[in-house]
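S.K.: The structure file run-v2.pdb (PDB, C-alpha atoms and all ligand atoms) is provided below.
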```
ATOM      1  CA  MET A   1     102.104  71.681 105.486
ATOM      2  CA  THR A   2      99.166  70.277 103.428
ATOM      3  CA  GLU A   3      99.104  68.620 100.026
ATOM      4  CA  ASN A   4      98.076  72.028  98.630
ATOM      5  CA  THR A   5     101.250  73.777  99.710
ATOM      6  CA  ILE A   6     103.732  74.231  96.881
ATOM      7  CA  LYS A   7     106.990  72.483  97.666
ATOM      8  CA  THR A   8     110.068  73.649  95.801
ATOM      9  CA  ILE A   9     112.142  70.660  94.740
ATOM     10  CA  LYS A  10     115.343  70.081  92.799
ATOM     11  CA  ILE A  11     115.347  67.798  89.766
ATOM     12  CA  GLN A  12     117.664  64.891  90.581
ATOM     13  CA  ARG A  13     117.500  62.745  87.456
ATOM     14  CA  ILE A  14     116.003  62.983  83.970
ATOM     15  CA  ILE A  15     115.562  60.125  81.498
ATOM     16  CA  ASN A  16     114.278  60.067  77.912
ATOM     17  CA  GLU A  17     111.444  57.531  77.667
ATOM     18  CA  CYS A  18     110.697  57.876  73.953
ATOM     19  CA  ASP A  19     110.322  60.633  71.341
ATOM     20  CA  GLY A  20     109.088  63.789  73.150
ATOM     21  CA  VAL A  21     108.617  62.106  76.556
ATOM     22  CA  LYS A  22     110.904  62.538  79.583
ATOM     23  CA  THR A  23     110.709  61.301  83.175
ATOM     24  CA  PHE A  24     111.825  63.679  85.941
ATOM     25  CA  PHE A  25     112.855  62.318  89.356
ATOM     26  CA  PHE A  26     112.853  64.336  92.597
ATOM     27  CA  ASN A  27     112.509  63.860  96.364
ATOM     28  CA  MET A  28     109.456  65.000  98.335
ATOM     29  CA  LYS A  29     110.484  63.898 101.829
ATOM     30  CA  LYS A  30     112.124  66.332 104.213
ATOM     31  CA  LYS A  31     115.126  65.048 106.198
ATOM     32  CA  ASN A  32     113.909  63.039 109.220
ATOM     33  CA  GLU A  33     110.261  63.741 108.302
ATOM     34  CA  GLU A  34     108.241  61.124 110.173
ATOM     35  CA  SER A  35     104.813  62.159 108.926
ATOM     36  CA  TYR A  36     105.668  61.447 105.281
ATOM     37  CA  ILE A  37     102.966  59.352 103.571
ATOM     38  CA  PRO A  38     103.677  58.166 100.009
ATOM     39  CA  PRO A  39     101.070  58.964  97.342
ATOM     40  CA  LYS A  40      98.634  56.357  96.039
ATOM     41  CA  PRO A  41      98.540  55.017  92.451
ATOM     42  CA  GLY A  42      96.547  57.280  90.123
ATOM     43  CA  GLN A  43      97.055  60.478  92.122
ATOM     44  CA  PHE A  44      98.502  63.564  90.440
ATOM     45  CA  VAL A  45     100.467  66.712  91.256
ATOM     46  CA  MET A  46     100.273  70.303  90.051
ATOM     47  CA  VAL A  47     103.714  71.125  88.636
ATOM     48  CA  TRP A  48     104.743  74.762  88.689
ATOM     49  CA  VAL A  49     107.422  75.887  86.271
ATOM     50  CA  PRO A  50     108.542  79.314  87.503
ATOM     51  CA  GLY A  51     107.562  82.103  85.123
ATOM     52  CA  VAL A  52     105.574  79.774  82.858
ATOM     53  CA  ASP A  53     102.508  77.951  84.294
ATOM     54  CA  GLU A  54     101.242  75.302  86.702
ATOM     55  CA  ILE A  55      99.927  72.081  85.107
ATOM     56  CA  PRO A  56      98.605  68.671  86.268
ATOM     57  CA  MET A  57     100.803  65.558  85.935
ATOM     58  CA  SER A  58     100.228  61.981  87.104
ATOM     59  CA  ILE A  59     102.719  60.653  89.619
ATOM     60  CA  SER A  60     104.471  57.974  87.553
ATOM     61  CA  GLY A  61     106.547  56.580  90.426
ATOM     62  CA  TYR A  62     107.076  56.886  94.179
ATOM     63  CA  ASP A  63     108.645  55.043  97.093
ATOM     64  CA  GLU A  64     108.823  55.030 100.887
ATOM     65  CA  LEU A  65     111.938  57.238 100.793
ATOM     66  CA  GLY A  66     110.078  60.121  99.157
ATOM     67  CA  ASN A  67     111.464  59.618  95.642
ATOM     68  CA  TRP A  68     108.745  60.558  93.147
ATOM     69  CA  SER A  69     108.672  60.937  89.384
ATOM     70  CA  ILE A  70     106.526  62.529  86.692
ATOM     71  CA  THR A  71     106.589  61.507  83.028
ATOM     72  CA  VAL A  72     105.965  64.419  80.699
ATOM     73  CA  LYS A  73     104.934  64.551  77.054
ATOM     74  CA  ASN A  74     106.027  67.765  75.363
ATOM     75  CA  ILE A  75     102.888  69.225  73.772
ATOM     76  CA  GLY A  76     102.794  72.943  74.596
ATOM     77  CA  GLU A  77     104.241  75.902  76.456
ATOM     78  CA  CYS A  78     104.675  74.487  79.958
ATOM     79  CA  THR A  79     105.614  70.924  79.016
ATOM     80  CA  ASN A  80     108.147  72.403  76.586
ATOM     81  CA  ALA A  81     109.623  74.502  79.425
ATOM     82  CA  LEU A  82     109.770  71.340  81.593
ATOM     83  CA  HIS A  83     111.646  69.502  78.850
ATOM     84  CA  ASP A  84     114.230  72.329  78.757
ATOM     85  CA  LEU A  85     115.036  71.897  82.480
ATOM     86  CA  LYS A  86     118.384  70.447  83.555
ATOM     87  CA  LEU A  87     119.583  68.473  86.565
ATOM     88  CA  GLY A  88     119.578  70.691  89.659
ATOM     89  CA  ASP A  89     116.908  73.082  88.324
ATOM     90  CA  PHE A  90     113.985  73.857  90.638
ATOM     91  CA  ILE A  91     110.253  73.377  90.089
ATOM     92  CA  GLY A  92     107.242  73.622  92.413
ATOM     93  CA  ILE A  93     105.160  70.551  93.269
ATOM     94  CA  ARG A  94     101.693  70.656  94.853
ATOM     95  CA  GLY A  95     100.243  67.287  95.857
ATOM     96  CA  PRO A  96      99.517  64.432  95.956
ATOM     97  CA  LEU A  97      96.054  65.460  94.725
ATOM     98  CA  GLY A  98      92.872  63.637  93.726
ATOM     99  CA  ASN A  99      91.708  60.106  94.402
ATOM    100  CA  SER A 100      93.463  56.855  93.460
ATOM    101  CA  TYR A 101      92.761  53.525  91.773
ATOM    102  CA  PRO A 102      90.960  51.327  94.348
ATOM    103  CA  LEU A 103      93.143  48.227  94.644
ATOM    104  CA  PRO A 104      91.615  44.738  94.201
ATOM    105  CA  ASP A 105      90.202  43.353  97.452
ATOM    106  CA  THR A 106      91.581  39.874  96.754
ATOM    107  CA  LYS A 107      94.670  38.483  94.990
ATOM    108  CA  SER A 108      92.478  36.143  92.947
ATOM    109  CA  LYS A 109      91.026  38.911  90.724
ATOM    110  CA  ASN A 110      91.804  38.999  86.988
ATOM    111  CA  VAL A 111      93.482  42.398  86.842
ATOM    112  CA  PHE A 112      93.994  44.365  83.614
ATOM    113  CA  LEU A 113      95.994  47.577  83.221
ATOM    114  CA  ILE A 114      95.110  49.208  79.901
ATOM    115  CA  GLY A 115      96.982  52.319  78.812
ATOM    116  CA  GLY A 116      97.293  54.442  75.717
ATOM    117  CA  GLY A 117     100.195  56.845  75.055
ATOM    118  CA  ILE A 118     101.174  59.057  77.989
ATOM    119  CA  GLY A 119      98.365  57.415  80.026
ATOM    120  CA  MET A 120     100.934  54.730  80.858
ATOM    121  CA  ALA A 121     102.464  57.205  83.359
ATOM    122  CA  ALA A 122      99.632  56.702  85.885
ATOM    123  CA  LEU A 123      99.552  52.951  85.241
ATOM    124  CA  ARG A 124     103.287  52.635  85.867
ATOM    125  CA  SER A 125     102.853  53.543  89.545
ATOM    126  CA  LEU A 126      99.848  51.212  89.754
ATOM    127  CA  SER A 127     101.877  48.335  88.243
ATOM    128  CA  ARG A 128     104.545  48.789  90.917
ATOM    129  CA  GLU A 129     101.992  48.890  93.708
ATOM    130  CA  LEU A 130     100.407  45.646  92.460
ATOM    131  CA  ILE A 131     103.816  43.946  92.203
ATOM    132  CA  ASN A 132     104.711  45.052  95.757
ATOM    133  CA  ARG A 133     101.437  43.567  97.011
ATOM    134  CA  GLY A 134     101.898  40.296  95.104
ATOM    135  CA  ILE A 135      98.916  40.906  92.815
ATOM    136  CA  ARG A 136      99.172  39.377  89.347
ATOM    137  CA  PHE A 137      98.087  41.452  86.315
ATOM    138  CA  THR A 138      97.878  41.629  82.531
ATOM    139  CA  ALA A 139      98.902  44.916  80.905
ATOM    140  CA  ILE A 140      97.910  46.167  77.465
ATOM    141  CA  GLU A 141      99.871  49.163  76.195
ATOM    142  CA  GLY A 142      98.790  50.928  73.021
ATOM    143  CA  ALA A 143     100.470  53.731  71.077
ATOM    144  CA  LYS A 144     100.216  55.361  67.644
ATOM    145  CA  ILE A 145     103.595  53.960  66.526
ATOM    146  CA  GLY A 146     106.170  51.573  68.008
ATOM    147  CA  ASN A 147     108.564  54.415  68.925
ATOM    148  CA  ASP A 148     105.899  55.912  71.233
ATOM    149  CA  LEU A 149     105.679  52.815  73.481
ATOM    150  CA  MET A 150     106.959  53.601  76.977
ATOM    151  CA  PHE A 151     108.558  51.812  79.956
ATOM    152  CA  MET A 152     109.164  48.655  77.891
ATOM    153  CA  ASP A 153     112.657  48.033  79.340
ATOM    154  CA  GLU A 154     111.293  48.383  82.843
ATOM    155  CA  PHE A 155     108.290  46.125  82.218
ATOM    156  CA  GLN A 156     110.672  43.560  80.650
ATOM    157  CA  VAL A 157     112.233  42.786  84.032
ATOM    158  CA  TYR A 158     108.894  42.069  85.712
ATOM    159  CA  ASN A 159     108.494  38.372  86.446
ATOM    160  CA  LYS A 160     106.827  36.751  83.421
ATOM    161  CA  GLU A 161     105.047  34.209  85.620
ATOM    162  CA  PHE A 162     103.470  37.112  87.371
ATOM    163  CA  THR A 163     102.658  39.603  84.640
ATOM    164  CA  GLU A 164     101.602  39.416  81.023
ATOM    165  CA  PHE A 165     102.276  42.265  78.582
ATOM    166  CA  HIS A 166     100.540  42.949  75.281
ATOM    167  CA  TYR A 167     101.607  45.767  72.975
ATOM    168  CA  CYS A 168      99.659  47.255  70.085
ATOM    169  CA  THR A 169     100.097  50.156  67.697
ATOM    170  CA  ASP A 170      97.713  51.990  65.369
ATOM    171  CA  ASP A 171     100.012  51.325  62.379
ATOM    172  CA  GLY A 172     101.151  47.823  63.369
ATOM    173  CA  SER A 173     104.806  48.942  63.633
ATOM    174  CA  TYR A 174     105.112  47.027  66.946
ATOM    175  CA  GLY A 175     102.930  44.338  68.513
ATOM    176  CA  GLU A 176      99.382  43.833  67.306
ATOM    177  CA  GLU A 177      97.893  46.334  64.846
ATOM    178  CA  GLY A 178      94.895  48.105  66.380
ATOM    179  CA  PHE A 179      93.618  49.689  69.561
ATOM    180  CA  ALA A 180      94.213  48.549  73.148
ATOM    181  CA  SER A 181      90.437  48.249  73.659
ATOM    182  CA  ASP A 182      90.234  45.746  70.756
ATOM    183  CA  VAL A 183      93.113  43.684  72.181
ATOM    184  CA  PHE A 184      91.252  43.556  75.514
ATOM    185  CA  LYS A 185      88.031  42.534  73.770
ATOM    186  CA  GLY A 186      89.930  39.702  72.046
ATOM    187  CA  ILE A 187      91.480  38.429  75.295
ATOM    188  CA  ILE A 188      88.192  38.250  77.203
ATOM    189  CA  LYS A 189      86.032  36.951  74.355
ATOM    190  CA  ASP A 190      85.946  33.373  75.699
ATOM    191  CA  TYR A 191      85.759  34.259  79.402
ATOM    192  CA  SER A 192      82.901  32.678  81.339
ATOM    193  CA  LYS A 193      80.357  34.908  83.132
ATOM    194  CA  LYS A 194      82.022  33.951  86.416
ATOM    195  CA  LYS A 195      85.490  34.948  85.183
ATOM    196  CA  LEU A 196      84.166  38.244  83.781
ATOM    197  CA  SER A 197      82.563  39.131  87.109
ATOM    198  CA  ASN A 198      85.931  38.483  88.765
ATOM    199  CA  THR A 199      87.756  40.787  86.303
ATOM    200  CA  ILE A 200      88.816  44.361  87.045
ATOM    201  CA  VAL A 201      90.121  46.918  84.529
ATOM    202  CA  TYR A 202      92.210  49.995  85.351
ATOM    203  CA  ALA A 203      92.699  52.354  82.425
ATOM    204  CA  CYS A 204      94.327  55.658  81.509
ATOM    205  CA  GLY A 205      94.809  57.213  78.084
ATOM    206  CA  PRO A 206      92.925  58.908  75.243
ATOM    207  CA  GLU A 207      89.287  59.435  76.163
ATOM    208  CA  LEU A 208      87.992  57.615  73.087
ATOM    209  CA  MET A 209      89.893  54.502  74.248
ATOM    210  CA  LEU A 210      88.472  54.919  77.758
ATOM    211  CA  TYR A 211      84.997  55.287  76.272
ATOM    212  CA  ALA A 212      85.386  52.135  74.132
ATOM    213  CA  LEU A 213      86.477  50.245  77.269
ATOM    214  CA  LEU A 214      83.393  51.525  79.135
ATOM    215  CA  GLN A 215      81.157  50.028  76.427
ATOM    216  CA  ILE A 216      82.952  46.658  76.628
ATOM    217  CA  CYS A 217      83.059  46.498  80.441
ATOM    218  CA  SER A 218      79.460  47.612  80.728
ATOM    219  CA  LYS A 219      78.258  44.927  78.288
ATOM    220  CA  LYS A 220      80.389  42.174  79.848
ATOM    221  CA  ASN A 221      79.717  43.150  83.459
ATOM    222  CA  VAL A 222      83.388  43.874  84.228
ATOM    223  CA  GLU A 223      84.477  46.210  87.046
ATOM    224  CA  TYR A 224      86.096  49.302  85.472
ATOM    225  CA  TYR A 225      88.043  52.383  86.611
ATOM    226  CA  ALA A 226      89.328  55.089  84.256
ATOM    227  CA  SER A 227      91.487  58.154  84.849
ATOM    228  CA  LEU A 228      90.126  61.282  83.145
ATOM    229  CA  GLU A 229      91.905  64.436  81.986
ATOM    230  CA  ARG A 230      90.457  67.923  81.793
ATOM    231  CA  ILE A 231      92.090  71.356  81.689
ATOM    232  CA  MET A 232      92.830  72.366  85.287
ATOM    233  CA  ARG A 233      93.660  75.617  86.980
ATOM    234  CA  CYS A 234      93.431  75.245  90.765
ATOM    235  CA  GLY A 235      93.682  71.434  90.969
ATOM    236  CA  CYS A 236      91.779  71.443  94.257
ATOM    237  CA  GLY A 237      88.066  72.028  93.667
ATOM    238  CA  ILE A 238      87.915  75.841  93.706
ATOM    239  CA  CYS A 239      87.809  77.164  90.122
ATOM    240  CA  GLY A 240      85.311  74.697  88.587
ATOM    241  CA  LEU A 241      87.221  74.493  85.271
ATOM    242  CA  CYS A 242      87.420  70.677  85.378
ATOM    243  CA  ALA A 243      83.681  70.115  86.073
ATOM    244  CA  LEU A 244      82.047  67.269  84.139
ATOM    245  CA  ASP A 245      78.564  67.752  82.589
ATOM    246  CA  SER A 246      75.980  67.162  83.934
ATOM    247  CA  SER A 247      77.158  65.245  86.975
ATOM    248  CA  GLY A 248      78.974  68.273  88.423
ATOM    249  CA  LEU A 249      81.836  65.948  89.358
ATOM    250  CA  LEU A 250      85.232  67.643  89.446
ATOM    251  CA  VAL A 251      88.143  65.770  87.861
ATOM    252  CA  CYS A 252      90.618  67.299  90.321
ATOM    253  CA  LYS A 253      88.690  66.536  93.502
ATOM    254  CA  ASP A 254      86.224  63.699  92.799
ATOM    255  CA  GLY A 255      88.679  62.110  90.313
ATOM    256  CA  PRO A 256      90.780  61.761  88.313
ATOM    257  CA  ILE A 257      89.713  58.107  88.730
ATOM    258  CA  PHE A 258      86.051  57.356  88.062
ATOM    259  CA  SER A 259      84.164  54.052  88.315
ATOM    260  CA  LEU A 260      81.941  52.554  85.625
ATOM    261  CA  ILE A 261      78.816  53.733  87.458
ATOM    262  CA  GLU A 262      80.123  57.316  87.665
ATOM    263  CA  LEU A 263      81.357  57.335  84.040
ATOM    264  CA  LYS A 264      77.878  56.372  82.822
ATOM    265  CA  LYS A 265      76.452  59.492  84.486
ATOM    266  CA  ILE A 266      78.950  61.867  82.807
ATOM    267  CA  ASP A 267      77.292  63.271  79.664
ATOM    268  CA  ASP A 268      80.468  64.706  78.130
ATOM    269  CA  PHE A 269      82.544  61.555  78.681
ATOM    270  CA  GLY A 270      83.769  60.286  75.292
ATOM    271  CA  LYS A 271      82.111  63.201  73.491
ATOM    272  CA  TYR A 272      83.767  66.525  74.277
ATOM    273  CA  THR A 273      86.243  68.303  76.524
ATOM    274  CA  ARG A 274      86.637  72.042  77.267
ATOM    275  CA  ASP A 275      89.325  74.638  76.573
ATOM    276  CA  PHE A 276      90.662  77.222  79.058
ATOM    277  CA  SER A 277      87.638  79.506  78.443
ATOM    278  CA  GLY A 278      85.234  76.617  79.183
ATOM    279  CA  LYS A 279      84.202  76.273  75.488
ATOM    280  CA  LYS A 280      83.224  72.724  74.431
ATOM    281  CA  ILE A 281      85.744  70.967  72.157
ATOM    282  CA  PRO A 282      84.473  67.762  70.457
ATOM    283  CA  LEU A 283      86.775  64.749  70.961
ATOM    284  CA  GLU A 284      88.329  63.358  67.779
TER     285      GLU A 284
HETATM  286  C1  LIG B 301      94.963  64.496  86.135
HETATM  287  C2  LIG B 301      95.854  64.745  84.953
HETATM  288  C3  LIG B 301      97.017  63.993  84.833
HETATM  289  C4  LIG B 301      97.873  64.229  83.749
HETATM  290  N1  LIG B 301      99.006  63.483  83.652
HETATM  291  C5  LIG B 301      99.884  63.716  82.659
HETATM  292  C6  LIG B 301     101.108  62.980  82.602
HETATM  293  O1  LIG B 301     101.406  62.109  83.413
HETATM  294  N2  LIG B 301     101.962  63.293  81.598
HETATM  295  C7  LIG B 301     101.680  64.248  80.660
HETATM  296  O2  LIG B 301     102.515  64.500  79.790
HETATM  297  N3  LIG B 301     100.521  64.946  80.680
HETATM  298  C8  LIG B 301      99.620  64.702  81.658
HETATM  299  N4  LIG B 301      98.450  65.434  81.718
HETATM  300  C9  LIG B 301      98.166  66.434  80.653
HETATM  301  C10 LIG B 301      98.971  67.694  80.929
HETATM  302  O3  LIG B 301      98.493  68.320  82.093
HETATM  303  C11 LIG B 301      98.865  68.650  79.737
HETATM  304  O4  LIG B 301      99.491  68.047  78.641
HETATM  305  C12 LIG B 301      99.550  69.972  80.047
HETATM  306  O5  LIG B 301      98.773  70.693  80.971
HETATM  307  C13 LIG B 301      99.746  70.797  78.790
HETATM  308  O6  LIG B 301     100.357  72.029  79.180
HETATM  309  P1  LIG B 301     101.181  72.902  78.138
HETATM  310  O7  LIG B 301     101.326  74.270  78.693
HETATM  311  O8  LIG B 301     102.445  72.225  77.736
HETATM  312  O9  LIG B 301     100.257  72.901  76.863
HETATM  313  P2  LIG B 301      99.316  74.109  76.350
HETATM  314  O10 LIG B 301     100.203  75.021  75.565
HETATM  315  O11 LIG B 301      98.516  74.670  77.479
HETATM  316  O12 LIG B 301      98.321  73.290  75.442
HETATM  317  C14 LIG B 301      98.706  72.452  74.373
HETATM  318  C15 LIG B 301      97.497  71.576  74.006
HETATM  319  O13 LIG B 301      97.180  70.676  75.101
HETATM  320  C16 LIG B 301      95.836  70.833  75.576
HETATM  321  N5  LIG B 301      95.848  70.747  77.040
HETATM  322  C17 LIG B 301      96.335  71.656  77.903
HETATM  323  N6  LIG B 301      96.159  71.275  79.175
HETATM  324  C18 LIG B 301      95.531  70.079  79.138
HETATM  325  C19 LIG B 301      95.045  69.184  80.119
HETATM  326  N7  LIG B 301      95.132  69.419  81.439
HETATM  327  N8  LIG B 301      94.459  68.061  79.701
HETATM  328  C20 LIG B 301      94.319  67.806  78.412
HETATM  329  N9  LIG B 301      94.746  68.601  77.430
HETATM  330  C21 LIG B 301      95.337  69.740  77.778
HETATM  331  C22 LIG B 301      95.444  72.235  75.092
HETATM  332  O14 LIG B 301      94.039  72.328  74.896
HETATM  333  C23 LIG B 301      96.210  72.376  73.770
HETATM  334  O15 LIG B 301      95.534  71.740  72.731
HETATM  335  C24 LIG B 301      97.560  65.223  82.767
HETATM  336  C25 LIG B 301      96.378  65.974  82.899
HETATM  337  C26 LIG B 301      95.538  65.728  83.975
HETATM  338  C27 LIG B 301      94.280  66.521  84.102
HETATM  339  S1  LIG B 302      90.835  72.490  88.467
HETATM  340 FE1  LIG B 302      89.750  73.973  89.631
HETATM  341  S2  LIG B 302      88.005  72.861  90.296
HETATM  342 FE2  LIG B 302      89.197  71.363  89.289
END
```
Turn the structure described in the file into structure tokens.

M.R.:
Amino acid sequence: MTENTIKTIKIQRIINECDGVKTFFFNMKKKNEESYIPPKPGQFVMVWVPGVDEIPMSISGYDELGNWSITVKNIGECTNALHDLKLGDFIGIRGPLGNSYPLPDTKSKNVFLIGGGIGMAALRSLSRELINRGIRFTAIEGAKIGNDLMFMDEFQVYNKEFTEFHYCTDDGSYGEEGFASDVFKGIIKDYSKKKLSNTIVYACGPELMLYALLQICSKKNVEYYASLERIMRCGCGICGLCALDSSGLLVCKDGPIFSLIELKKIDDFGKYTRDFSGKKIPLE
């Protein structure tokens, strides 16, 4: 069985994260399976809802026992069908797919996790991986309004000596008023050149936020990795729907995580995305 084989799994637990967002838990390890290898932070799966569609979702959690989760925002036909599912219902999972966030090579790096909205799903699994490896980090979570902030209860129990959390909202209803990229800019404004070159940023969220972070990291000489989203069909490098102009990089196969150097070569990054027919859609 390869990562491209659809595995039918039963939903074991569902929790409401915030308005319109649910996390679904399931198990991907067969009984006594010795070859099981957990996914890596930043990887995604193609989720098949029978009779509806197959769509990409970040893996928001995983463990050695094969327990995985996806965290789904209800925005359209297939995510709506996912939200209607109950405990014990079946879905198909293909994955883990794509690359992953490259972890810091030393524990002494200044690590930032910067997420906007549902982008926190991919960063949740990264935060757990860093904690398990004893790597300290600062997280900045942004959302439109306070009620959209996710995983706050879970992040609350992380050791405060070990992690630092900043929250911000577009309307100021929780945390600082403004964008996550501006909060980051504020935190690093007095960093020395040496500290900046020892800083690493992992981000996931709206592309305009990712683009703003690219400008900051590029100017300040900070190592940067961002997870991109494009419409996907095959999820494994065959259909070409997720190709990025003019680099030819595929989000499903070469990504979804791209480095600062790669992001600079992608002409459509921060400018436009494409719909299912391949037509360019300007980013707002
Ligand atoms: C690598 C990757 C990881 C993702 N991780 C998550 C996640 O953890 N949680 C989550 O809720 N969503 C995630 N998404 C986005 C998710 O795949 C889309 O929201 C989903 O496909 C929408 O399907 P739908 O049938 O409900 O919506 P549709 O009815 O198909 O579309 C509703 C709207 O969403 C847009 N849309 C559709 N598909 C995508 C897409 N793939 N990317 C961006 N916009 C899209 C459409 O253009 C339309 O405007 C991820 C996407 C990618 C590429
Ligand atoms: S989704 Fe088909 S090539 Fe990426």

S.K.: Please write out the residues within 9 Å of ligand LIG 301 (chain B) as a PyMOL selection string, counting all atoms listed in the file.

M.R.: chain A and resi 21-22+42-47+52-60+70-82+97-98+118-122+227-233+235+242+251-252+255-257+273-276+281

S.K.: Report as a PDB file with C-alpha atoms, in the coordinates of the input all protein, DNA and RNA residues lying within 8 Å of Gly175 in chain A, evaluated on all atoms listed in the file, omitting residues in the same chain fewer than 5 positions from it.

M.R.:
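Contents of the output file selection-v1.pdb:
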```
ATOM      1  CA  GLY A 146     106.170  51.573  68.008  1.00  0.00           C
ATOM      2  CA  HIS A 166     100.540  42.949  75.281  1.00  0.00           C
ATOM      3  CA  TYR A 167     101.607  45.767  72.975  1.00  0.00           C
ATOM      4  CA  CYS A 168      99.659  47.255  70.085  1.00  0.00           C
ATOM      5  CA  THR A 169     100.097  50.156  67.697  1.00  0.00           C
TER       6      THR A 169
END
```

S.K.: In Å, how far is it from CA of Glu284 in chain A to CA of Leu208 in chain A?

M.R.: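 These atoms are spaced 7.8 Å apart.
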
S.K.: Could you work out an axis-aligned box for range 251-256 of chain A, taking every atom the file lists and adding 3 Å on each side, and report centre and edge lengths in Å to one decimal, as lines of an AutoDock Vina configuration file?

M.R.:
```
center_x = 88.5
center_y = 64.5
center_z = 90.7
size_x = 10.6
size_y = 11.5
size_z = 11.6
```

S.K.: Counting all atoms listed in the file, which of A:Phe25, A:Asp267, A:Pro41, A:Gly248 gets nearest to ligand LIG 302 (chain B)?

M.R.: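 For ligand LIG 302 (chain B), the nearest of the given residues is A:Gly248.
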
S.K.: CA of Lys219 in chain A and CA of Cys204 in chain A are how many Å apart?

M.R.: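 About the pair CA of Lys219 in chain A and CA of Cys204 in chain A: they are 19.6 Å apart.
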
S.K.: Can you tell me which residues surround Met152 in chain A at a distance of at most 12 Å, considering all atoms listed in the file, apart from same-chain residues fewer than 5 positions away, and format the answer as an MDAnalysis selection string?

M.R.: chainID A and resid 17:18 120 124 139:142 146:147 157:158 165:167 174

S.K.: Quote the spacing between CA of Leu65 in chain A and CA of Ser125 in chain A in Å to one decimal place.

M.R.: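 Computed distance, CA of Leu65 in chain A to CA of Ser125 in chain A, equals 14.9 Å.
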